[in-house]
>>> print(open('upload_16.cif').read())   # mmCIF, C-alpha atoms
data_final
loop_
_atom_site.label_atom_id
_atom_site.label_comp_id
_atom_site.auth_asym_id
_atom_site.auth_seq_id
_atom_site.Cartn_x
_atom_site.Cartn_y
_atom_site.Cartn_z
CA MET E 1 10.24 -4.39 -12.67
CA ASN E 2 11.89 -1.27 -11.47
CA MET E 3 14.16 -2.25 -8.60
CA LEU E 4 15.25 0.27 -6.07
CA SER E 5 18.96 0.36 -5.45
CA LEU E 6 20.78 -0.20 -2.19
CA ASN E 7 21.41 3.51 -1.75
CA THR E 8 17.71 4.25 -1.46
CA TYR E 9 17.30 1.93 1.47
CA LEU E 10 20.45 3.27 3.10
CA PHE E 11 19.10 6.81 2.79
CA VAL E 12 15.79 5.80 4.34
CA ALA E 13 17.67 4.19 7.21
CA ALA E 14 19.83 7.30 7.64
CA ILE E 15 16.76 9.56 7.77
CA THR E 16 15.13 7.29 10.34
CA PHE E 17 18.31 7.24 12.40
CA CYS E 18 18.60 11.02 12.40
CA LEU E 19 14.96 11.47 13.42
CA GLY E 20 15.56 9.09 16.29
CA LEU E 21 18.73 10.93 17.27
CA TYR E 22 16.93 14.26 17.23
CA GLY E 23 14.15 12.88 19.38
CA ALA E 24 16.48 11.22 21.83
CA ILE E 25 18.34 14.46 22.42
CA SER E 26 15.45 16.89 22.41
CA ARG E 27 12.70 15.01 24.22
CA ARG E 28 12.49 15.19 27.97
CA ASP E 29 9.84 12.70 28.89
CA GLU E 30 11.11 9.21 29.22
CA ILE E 31 8.59 7.55 26.93
CA GLY E 32 9.53 9.90 24.11
CA ILE E 33 13.16 8.90 24.55
CA PHE E 34 12.16 5.24 24.38
CA MET E 35 10.31 5.89 21.13
CA SER E 36 13.40 7.57 19.70
CA ILE E 37 15.60 4.65 20.67
CA GLU E 38 13.11 2.40 18.93
CA LEU E 39 13.49 4.50 15.78
CA ILE E 40 17.28 4.13 15.92
CA LEU E 41 16.96 0.35 16.23
CA ILE E 42 14.53 0.30 13.32
CA SER E 43 17.07 2.08 11.13
CA ALA E 44 19.69 -0.50 12.04
CA ASN E 45 17.23 -3.22 11.09
CA ILE E 46 16.57 -1.65 7.70
CA ASN E 47 20.31 -1.60 7.06
CA PHE E 48 20.70 -5.25 8.05
CA VAL E 49 17.92 -6.43 5.79
CA ALA E 50 19.00 -4.26 2.87
CA PHE E 51 22.57 -5.50 2.99
CA SER E 52 21.42 -9.06 3.30
CA ARG E 53 19.27 -8.57 0.21
CA PHE E 54 21.76 -6.81 -2.01
CA THR E 55 24.96 -8.68 -1.26
CA THR E 56 25.99 -12.29 -1.43
CA LEU E 57 25.32 -12.81 2.25
CA SER E 58 22.40 -15.10 2.80
CA LEU E 59 19.80 -14.61 5.50
CA ASP E 60 22.24 -13.70 8.27
CA GLY E 61 21.01 -10.13 8.24
CA HIS E 62 17.46 -11.30 8.83
CA ILE E 63 18.56 -13.27 11.87
CA PHE E 64 20.33 -10.25 13.26
CA ALA E 65 17.29 -8.08 12.62
CA LEU E 66 15.13 -10.55 14.52
CA PHE E 67 17.57 -10.47 17.44
CA VAL E 68 17.55 -6.68 17.42
CA ASN E 69 13.75 -6.71 17.53
CA VAL E 70 13.63 -9.04 20.50
CA ILE E 71 16.32 -7.15 22.40
CA ALA E 72 14.48 -3.88 21.74
CA VAL E 73 11.33 -5.30 23.26
CA ALA E 74 13.25 -6.59 26.28
CA GLU E 75 14.84 -3.20 26.77
CA MET E 76 11.48 -1.46 26.58
CA VAL E 77 10.03 -3.79 29.21
CA ILE E 78 12.85 -3.08 31.63
CA GLY E 79 12.69 0.62 30.81
CA ILE E 80 9.00 0.85 31.54
CA GLY E 81 9.50 -1.05 34.79
CA ILE E 82 12.10 1.50 35.82
CA LEU E 83 9.81 4.27 34.61
CA ILE E 84 6.96 3.12 36.83
CA ASN E 85 9.28 3.05 39.82
CA VAL E 86 10.57 6.52 39.00
CA TYR E 87 7.02 7.77 38.82
CA LYS E 88 6.21 6.20 42.17
CA ASN E 89 9.12 8.00 43.79
CA PHE E 90 9.10 11.35 42.03
CA ARG E 91 5.53 11.72 40.70
CA THR E 92 6.86 12.83 37.32
CA ILE E 93 8.51 11.27 34.31
CA ASP E 94 10.13 14.46 33.15
CA LEU E 95 13.83 13.70 33.30
CA GLU E 96 14.79 17.30 33.97
CA ARG E 97 12.86 17.44 37.21
CA LEU E 98 14.33 14.41 38.86
CA GLU E 99 17.10 16.13 40.76
CA LYS E 100 15.12 17.22 43.78
CA PRO E 101 13.10 14.37 45.26
CA GLY E 102 9.74 15.34 46.61
CA ASN E 103 10.09 18.85 45.26
CA GLN E 104 8.01 19.52 42.20
CA MET C 1 8.89 13.31 17.11
CA LEU C 2 8.11 16.99 16.90
CA SER C 3 4.68 16.68 18.37
CA HIS C 4 4.07 17.26 22.04
CA ASN C 5 0.82 15.39 21.94
CA PHE C 6 1.50 11.85 23.01
CA ILE C 7 -1.24 10.36 20.86
CA TYR C 8 0.10 12.05 17.73
CA SER C 9 3.62 10.79 18.25
CA LEU C 10 2.33 7.32 19.09
CA PHE C 11 0.36 7.08 15.88
CA SER C 12 3.34 8.41 13.91
CA LEU C 13 5.43 5.64 15.41
CA LEU C 14 2.79 3.09 14.44
CA LEU C 15 2.78 4.48 10.91
CA ILE C 16 6.58 4.22 10.76
CA LEU C 17 6.43 0.60 11.91
CA ILE C 18 3.89 -0.29 9.23
CA GLY C 19 6.05 1.46 6.65
CA VAL C 20 9.09 -0.48 7.79
CA SER C 21 7.14 -3.68 7.34
CA ALA C 22 6.35 -2.60 3.80
CA ILE C 23 10.07 -1.99 3.22
CA TYR C 24 10.80 -5.49 4.51
CA ILE C 25 8.31 -6.90 2.04
CA PHE C 26 10.02 -4.98 -0.76
CA LEU C 27 13.30 -6.49 0.40
CA MET C 28 11.74 -9.96 0.29
CA ALA C 29 11.88 -10.52 4.01
CA ASP C 30 8.36 -11.77 4.49
CA PHE C 31 8.86 -13.47 7.85
CA LEU C 32 10.59 -10.45 9.28
CA ALA C 33 7.79 -8.18 8.11
CA THR C 34 5.26 -10.31 9.93
CA VAL C 35 7.33 -10.42 13.08
CA ASN C 36 7.82 -6.68 12.94
CA LEU C 37 4.10 -6.04 12.63
CA ILE C 38 3.23 -8.36 15.47
CA ILE C 39 5.97 -7.53 17.96
CA ALA C 40 6.55 -3.87 17.29
CA GLY C 41 3.16 -2.82 15.98
CA GLY C 42 1.26 -4.72 18.61
CA GLY C 43 3.47 -5.17 21.61
CA LEU C 44 5.49 -2.00 21.70
CA ILE C 45 2.59 0.34 21.06
CA PHE C 46 0.63 -1.39 23.77
CA LEU C 47 3.63 -1.13 26.08
CA PHE C 48 3.98 2.60 25.45
CA ILE C 49 0.29 3.21 26.10
CA PHE C 50 0.54 1.13 29.24
CA GLY C 51 3.53 3.04 30.57
CA ARG C 52 1.93 6.35 29.79
CA VAL C 53 -1.39 5.53 31.39
CA LEU C 54 0.26 4.12 34.49
CA THR C 55 2.47 7.12 34.99
CA ASP C 56 1.02 10.29 33.64
CA ARG C 57 -2.25 11.59 32.47
CA LEU C 58 -2.70 10.51 28.91
CA LEU C 59 -3.83 13.65 27.20
CA ILE C 60 -2.56 16.53 29.25
CA ILE C 61 1.00 16.98 28.15
CA LYS C 62 3.21 19.53 29.77
CA SER C 63 5.89 20.33 27.29
CA SER C 64 9.02 21.53 28.97
CA THR C 65 11.42 21.61 26.05
CA ASN C 66 13.07 24.89 25.25
CA ALA C 67 13.90 26.16 21.81
CA VAL C 68 17.67 26.21 22.27
CA ARG C 69 17.76 22.54 23.03
CA GLN C 70 15.58 21.74 20.02
CA TYR C 71 17.76 23.74 17.65
CA PHE C 72 20.87 22.17 19.14
CA SER C 73 19.60 18.63 18.64
CA ALA C 74 18.27 19.43 15.17
CA GLY C 75 21.71 20.71 14.23
CA ILE C 76 23.37 17.58 15.52
CA ALA C 77 20.90 15.40 13.62
CA VAL C 78 21.42 17.30 10.38
CA ILE C 79 25.21 17.08 10.71
CA VAL C 80 25.05 13.34 11.34
CA PHE C 81 22.71 12.89 8.39
CA LEU C 82 25.07 14.80 6.09
CA LEU C 83 28.01 12.67 7.22
CA ILE C 84 26.08 9.43 6.68
CA SER C 85 24.80 10.46 3.28
CA LYS C 86 28.32 11.48 2.21
CA MET C 87 29.51 8.05 3.26
CA ILE C 88 26.67 6.37 1.37
CA VAL C 89 27.33 8.29 -1.83
CA VAL C 90 31.13 8.10 -1.78
CA ASN C 91 31.51 4.45 -0.91
CA PRO C 92 31.14 2.15 -3.94
CA TRP C 93 28.95 -0.61 -2.58
CA GLU C 94 29.44 -3.96 -4.19
CA THR C 95 25.99 -5.13 -5.00
CA ASN C 96 24.88 -8.02 -7.05
CA MET C 97 21.55 -8.28 -8.73
CA PRO C 98 19.16 -9.71 -6.20
CA LYS C 99 17.75 -13.09 -6.89
CA PRO C 100 14.02 -13.55 -6.57
CA THR C 101 13.03 -15.97 -3.88
CA ASN C 102 9.73 -17.44 -2.96
CA GLY C 103 9.53 -17.25 0.78
CA THR C 104 12.39 -17.12 3.24
CA ILE C 105 10.84 -18.98 6.11
CA VAL C 106 12.37 -22.39 5.51
CA GLU C 107 15.89 -21.11 5.03
CA PHE C 108 15.46 -18.76 7.97
CA ALA C 109 14.40 -21.55 10.28
CA GLU C 110 17.26 -23.78 9.20
CA LEU C 111 19.76 -21.02 9.89
CA LEU C 112 18.19 -20.31 13.24
CA ILE C 113 18.50 -23.87 14.51
CA SER C 114 21.87 -24.68 12.98
CA LYS C 115 24.28 -21.79 12.75
CA TYR C 116 22.69 -19.47 15.30
CA LEU C 117 21.45 -22.02 17.78
CA LEU C 118 23.57 -20.71 20.66
CA HIS C 119 22.40 -17.15 20.07
CA PHE C 120 18.83 -18.32 19.95
CA GLU C 121 19.16 -20.03 23.31
CA LEU C 122 20.91 -17.01 24.78
CA LEU C 123 18.00 -14.91 23.59
CA SER C 124 15.54 -17.12 25.42
CA VAL C 125 17.62 -16.85 28.60
CA LEU C 126 17.64 -13.08 28.14
CA LEU C 127 13.86 -13.00 27.83
CA LEU C 128 13.48 -15.09 30.97
CA SER C 129 15.77 -12.80 32.91
CA VAL C 130 13.87 -9.77 31.63
CA LEU C 131 10.66 -11.31 32.88
CA VAL C 132 12.14 -11.95 36.31
CA VAL C 133 13.65 -8.48 36.56
CA ALA C 134 10.40 -6.80 35.50
CA VAL C 135 8.51 -8.65 38.21
CA PHE C 136 11.25 -7.85 40.72
CA LEU C 137 11.21 -4.17 39.88
CA ASN C 138 7.49 -3.77 40.28
CA ARG C 139 6.84 -5.98 43.23
CA ARG C 140 4.85 -4.54 46.06
CA LYS C 141 7.07 -3.78 48.97
#
>>> encode(input="upload_16.cif", output="structure tokens")
Amino acid sequence: MNMLSLNTYLFVAAITFCLGLYGAISRRDEIGIFMSIELILISANINFVAFSRFTTLSLDGHIFALFVNVIAVAEMVIGIGILINVYKNFRTIDLERLEKPGNQ
Amino acid sequence: MLSHNFIYSLFSLLLILIGVSAIYIFLMADFLATVNLIIAGGGLIFLFIFGRVLTDRLLIIKSSTNAVRQYFSAGIAVIVFLLISKMIVVNPWETNMPKPTNGTIVEFAELLISKYLLHFELLSVLLLSVLVVAVFLNRRK
């Protein structure tokens, strides 16, 4: 069976991280930024699981990946709550237009 | 990420999540793959759709990004990727040949209730507080 090496997984995680970074900087709507943050967390998870597979550590990486998943979901819930309030006050979710309240 | 259509980027994210679950299965993390599919693939996508529908019109997307900002962030991302890949290639990782396992659930559960019990409880407290804060944020004044 042809096993992939650790470097392959690390490269996949690096690519995912950079896509998330690009999105988090370039997007302006808040939901897009949340998606990008989710991508960054996913890349961290891939790294955790890969290192836990290819080194002598046991399943500690899996536990950490589970915690990261749960914390990501919690963060998204709070973020969307804030987002709904922002939309109620400003009638937009575009982060660049939030400076002047009531002025579109 | 490049798309300005919300539905396109949402489905790309879903595709990425499914792919990550496949990677977990390759890395013999079967429980984590399942959790990832259920939580992320189900919950997060639903949450994004929910937030989008509640705030903005779903399909009509006004894209307000300018080209300078996109090139700037693409440059930053490429630079970071080059740095990370240099680090990956240069560093000699000590790997040992992975041992085949049949299922990680039992070992995972034992770790979760013995070594990481405190963290597990803290996580439940965090989820409770998130629930309370979400209700508090969106209560009708």
>>> residues_near_point(input="upload_16.cif", point="(9.7, -7.1, 6.7)", cutoff="7 Å", atoms="all atoms listed in the file", output="PyMOL selection string")
chain C and resi 20-25+29-34+36
>>> resolve_selection(input="upload_16.cif", expression="the PyMOL selection byres ((chain E and resi 18-27) around 7)", output="PDB file with C-alpha atoms, in the coordinates of the input")
ATOM      1  CA  ALA E  14      19.830   7.300   7.640  1.00  0.00           C
ATOM      2  CA  ILE E  15      16.760   9.560   7.770  1.00  0.00           C
ATOM      3  CA  THR E  16      15.130   7.290  10.340  1.00  0.00           C
ATOM      4  CA  PHE E  17      18.310   7.240  12.400  1.00  0.00           C
ATOM      5  CA  ARG E  28      12.490  15.190  27.970  1.00  0.00           C
ATOM      6  CA  ASP E  29       9.840  12.700  28.890  1.00  0.00           C
ATOM      7  CA  GLY E  32       9.530   9.900  24.110  1.00  0.00           C
ATOM      8  CA  ILE E  33      13.160   8.900  24.550  1.00  0.00           C
ATOM      9  CA  SER E  36      13.400   7.570  19.700  1.00  0.00           C
ATOM     10  CA  ILE E  37      15.600   4.650  20.670  1.00  0.00           C
ATOM     11  CA  LEU E  39      13.490   4.500  15.780  1.00  0.00           C
ATOM     12  CA  ILE E  40      17.280   4.130  15.920  1.00  0.00           C
TER      13      ILE E  40
ATOM     14  CA  MET C   1       8.890  13.310  17.110  1.00  0.00           C
ATOM     15  CA  THR C  65      11.420  21.610  26.050  1.00  0.00           C
ATOM     16  CA  ARG C  69      17.760  22.540  23.030  1.00  0.00           C
ATOM     17  CA  GLN C  70      15.580  21.740  20.020  1.00  0.00           C
ATOM     18  CA  SER C  73      19.600  18.630  18.640  1.00  0.00           C
ATOM     19  CA  ALA C  74      18.270  19.430  15.170  1.00  0.00           C
ATOM     20  CA  ALA C  77      20.900  15.400  13.620  1.00  0.00           C
ATOM     21  CA  VAL C  80      25.050  13.340  11.340  1.00  0.00           C
ATOM     22  CA  PHE C  81      22.710  12.890   8.390  1.00  0.00           C
TER      23      PHE C  81
END
>>> resolve_selection(input="upload_16.cif", expression="the PyMOL selection byres ((chain C and resi 108-117) around 12)", output="JSON, numbers by chain")
{"E": [58, 59, 60, 61, 62, 63, 64, 65, 66, 67], "C": [29, 30, 31, 32, 103, 104, 105, 106, 107, 118, 119, 120, 121, 122, 123, 124]}
>>> write_last_selection(input="upload_16.cif", atoms="C-alpha atoms", output="PDB file, keeping the file's coordinate frame")
ATOM      1  CA  SER E  58      22.400 -15.100   2.800  1.00  0.00           C
ATOM      2  CA  LEU E  59      19.800 -14.610   5.500  1.00  0.00           C
ATOM      3  CA  ASP E  60      22.240 -13.700   8.270  1.00  0.00           C
ATOM      4  CA  GLY E  61      21.010 -10.130   8.240  1.00  0.00           C
ATOM      5  CA  HIS E  62      17.460 -11.300   8.830  1.00  0.00           C
ATOM      6  CA  ILE E  63      18.560 -13.270  11.870  1.00  0.00           C
ATOM      7  CA  PHE E  64      20.330 -10.250  13.260  1.00  0.00           C
ATOM      8  CA  ALA E  65      17.290  -8.080  12.620  1.00  0.00           C
ATOM      9  CA  LEU E  66      15.130 -10.550  14.520  1.00  0.00           C
ATOM     10  CA  PHE E  67      17.570 -10.470  17.440  1.00  0.00           C
TER      11      PHE E  67
ATOM     12  CA  ALA C  29      11.880 -10.520   4.010  1.00  0.00           C
ATOM     13  CA  ASP C  30       8.360 -11.770   4.490  1.00  0.00           C
ATOM     14  CA  PHE C  31       8.860 -13.470   7.850  1.00  0.00           C
ATOM     15  CA  LEU C  32      10.590 -10.450   9.280  1.00  0.00           C
ATOM     16  CA  GLY C 103       9.530 -17.250   0.780  1.00  0.00           C
ATOM     17  CA  THR C 104      12.390 -17.120   3.240  1.00  0.00           C
ATOM     18  CA  ILE C 105      10.840 -18.980   6.110  1.00  0.00           C
ATOM     19  CA  VAL C 106      12.370 -22.390   5.510  1.00  0.00           C
ATOM     20  CA  GLU C 107      15.890 -21.110   5.030  1.00  0.00           C
ATOM     21  CA  LEU C 118      23.570 -20.710  20.660  1.00  0.00           C
ATOM     22  CA  HIS C 119      22.400 -17.150  20.070  1.00  0.00           C
ATOM     23  CA  PHE C 120      18.830 -18.320  19.950  1.00  0.00           C
ATOM     24  CA  GLU C 121      19.160 -20.030  23.310  1.00  0.00           C
ATOM     25  CA  LEU C 122      20.910 -17.010  24.780  1.00  0.00           C
ATOM     26  CA  LEU C 123      18.000 -14.910  23.590  1.00  0.00           C
ATOM     27  CA  SER C 124      15.540 -17.120  25.420  1.00  0.00           C
TER      28      SER C 124
END
>>> atom_distance(input="upload_16.cif", atom1="CA of Phe51 in chain E", atom2="CA of Gly43 in chain C")
26.7 Å
>>> atom_distance(input="upload_16.cif", atom1="CA of Ile80 in chain E", atom2="CA of Glu38 in chain E")
13.4 Å
>>> closest_residue(input="upload_16.cif", among="E:Ile31, E:Val12, E:Leu41, E:Leu6", to="Ile84 in chain E", atoms="all atoms listed in the file")
E:Ile31
>>> residues_near_point(input="upload_16.cif", point="(6.7, 5.2, 19.2)", cutoff="10 Å", atoms="only C-alpha atoms", output="ChimeraX atom specification")
/E:31-39 /C:1,6-17,40-41,44-45,47-49
>>> axis_aligned_box(input="upload_16.cif", around="range 61-80 of chain E", padding_each_side="4 Å", output="AutoDock Vina command-line options")
--center_x 15.0 --center_y -6.2 --center_z 19.9 --size_x 20.0 --size_y 22.1 --size_z 31.4
>>> closest_residue(input="upload_16.cif", among="E:Val68, E:Phe90, E:Arg53, E:Glu30", to="chain C", atoms="all atoms listed in the file")
E:Arg53
>>> atom_distance(input="upload_16.cif", atom1="CA of Leu83 in chain E", atom2="CA of Ala44 in chain E")
25.1 Å
